[in-house]
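Heads up: the structure comes next, in structure tokens.
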Amino acid sequence: MTDAYFAEILLDAHKQLHSEFDNAPEHKFSLRHRRGMKKLFKQNGTACSEKCEHKIRISKKLIYAAVIIVTAVLLGITAIAVATGGFRFDSKAEYTKVLSEGWENAPYTYEYFYMVDAPDGFQLTEYNPDFASSKYQSGEEYFIFSQSVKRDYNATYNTEGYTIEELLINDRKAFFISWEDTSVIVCDNGDYILRIIGTLSKEQMVDLLKTAKIKK
Amino acid sequence: MLSFYLSLLETDEEKSEFERLYLTYRSRMFAIAMRYLHNTHDAEDAVQHAFLKIIDGKTKIFQIDAHKQQCYLDIIIRNASIDLHKKNKRVIPFEFTENIEDSFSFESMVEGKAMKKKLTDFIITLPDAQREALMMTVVLKLTYPEAAMQLNITETALRSRIYQARKSIYRHMEKERSEND
């Protein structure tokens, strides 16, 4: 019996054993998985050896350490509060407390409500008038859109190992944080704080916030 | 470490081919992983680990005939799932330690449809690890070091699995032949 013939038999055996997977149902992969795979596909640049990458990691660590030491010496404090117009970030080792700034001229109550245009396929599944929050769902994907009075806005986010990215949405201050399975985007639209939390990508969340309009 | 693996994909063509493989086979791979892990979170991780393993194979996948790529991915995902299962359960992987050479041949065996069917049926009953060791080397034509690396075992363990598989097949065929005589 030749190797080719034996290979043919082995291949037949393998196909028979795995025939049940030939029409495997399409699985909707989680956001965490898709992000991981997206990173794989997007990877660019020249080949870099492990040694080279190790050097880069060490350099980055040294830069971070230098920045921390200089900051601590200059400010003499452990927590760094940074005022950024729409929001005040009070960063601690494990979390960041976020407060609204410039709320004096904004409404102190819910005088009107905002809504967003949910993407195709998303259905409104929950609504809580107390927090002006709406939950939309499409399979395992979901997002919650909510509105807060600026004066009362006081949120704490896990930023241990995660970064706050500041953005401008329609010329309004906003920030974005991405965790493993979910992300949040918060925007100061001048009158209220609008927030979206869920499994959507950053681009989807930004686009969604741009559709925010007053509910009639 | 991830970027190191990714840098191993040298050309844009390989990268897009890799993406095509992922999009074509991800649900099948997920279904196979679910058989071993029974948990969507772990099964998705296994799919990702499998692709990292494929990249680590230094683009060997692109040298395999297109119609055999699915078999290769089936084997890689099964092993990635088992590795993940062992890791989660903190079980030390079993390995063969004997250094046994691959010495059986089937040249003297009878060829023919009936025998082919019997042999196929028997190969299906072999332990997965032994059958996959044969698949990697005989069908996919990976070298022993390449196959061992992809299966996450030592070369000695791989040789031992191949030896055990060939021995079982040889004995089975001998038995069949004597019964026919």
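Just remember, in the structure tokens the first chain shown is A, the second B, etc., residues are 1-based per chain, and ligands are 1-based in the order shown.
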
Checklist entry - What's the 7 Å shell around Ile75 in chain B, counting only C-alpha atoms, without same-chain residues fewer than 4 positions away, as a ChimeraX atom specification? => result /B:71,79,132

Restricting it to all heavy atoms, dump the selection as a PDB file, in the first residue's frame.
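In the end it all went to result.pdb:
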```
ATOM      1  N   CYS B  71      -8.844  19.931   7.301  1.00  0.00           N
ATOM      2  CA  CYS B  71      -8.387  18.852   8.196  1.00  0.00           C
ATOM      3  C   CYS B  71      -7.344  19.390   9.175  1.00  0.00           C
ATOM      4  O   CYS B  71      -7.369  19.082  10.366  1.00  0.00           O
ATOM      5  CB  CYS B  71      -7.746  17.719   7.404  1.00  0.00           C
ATOM      6  SG  CYS B  71      -8.855  16.966   6.265  1.00  0.00           S
ATOM      7  N   ASN B  79      -6.782  20.220  19.340  1.00  0.00           N
ATOM      8  CA  ASN B  79      -5.661  20.254  20.282  1.00  0.00           C
ATOM      9  C   ASN B  79      -5.647  21.530  21.119  1.00  0.00           C
ATOM     10  O   ASN B  79      -5.313  21.493  22.298  1.00  0.00           O
ATOM     11  CB  ASN B  79      -4.336  20.070  19.535  1.00  0.00           C
ATOM     12  CG  ASN B  79      -4.111  18.598  19.205  1.00  0.00           C
ATOM     13  OD1 ASN B  79      -3.655  17.840  20.049  1.00  0.00           O
ATOM     14  ND2 ASN B  79      -4.516  18.187  18.014  1.00  0.00           N
ATOM     15  N   GLU B 132      -4.393  11.617  14.661  1.00  0.00           N
ATOM     16  CA  GLU B 132      -3.960  12.952  14.247  1.00  0.00           C
ATOM     17  C   GLU B 132      -2.455  12.997  13.998  1.00  0.00           C
ATOM     18  O   GLU B 132      -1.993  13.763  13.146  1.00  0.00           O
ATOM     19  CB  GLU B 132      -4.373  13.977  15.294  1.00  0.00           C
ATOM     20  CG  GLU B 132      -5.876  14.200  15.226  1.00  0.00           C
ATOM     21  CD  GLU B 132      -6.390  15.182  16.252  1.00  0.00           C
ATOM     22  OE1 GLU B 132      -5.582  15.649  17.092  1.00  0.00           O
ATOM     23  OE2 GLU B 132      -7.587  15.481  16.219  1.00  0.00           O
TER      24      GLU B 132
END
```

Item to check | Counting only C-alpha atoms, the option among B:Ala148, B:Ile123, B:Ala129, B:Leu142 closest to Ile82 in chain B | outcome: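 Counting only C-alpha atoms, the residue closest to Ile82 in chain B is B:Ala129.
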
Item to check | strand (DSSP E or B) positions in chain A, given as an MDAnalysis selection string | outcome: chainID A and resid 80:84 87:91 95:100 114:115 123:128 133:138 141:149 154:158 165:169 172:178 183:188 192:198 213:214

Checklist entry - So, counting only C-alpha atoms, which residue among B:Glu174, B:Asp121, B:Asp65, B:Asp56 is closest to chain A? => result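 Among the listed residues, B:Asp121 lies closest to chain A.
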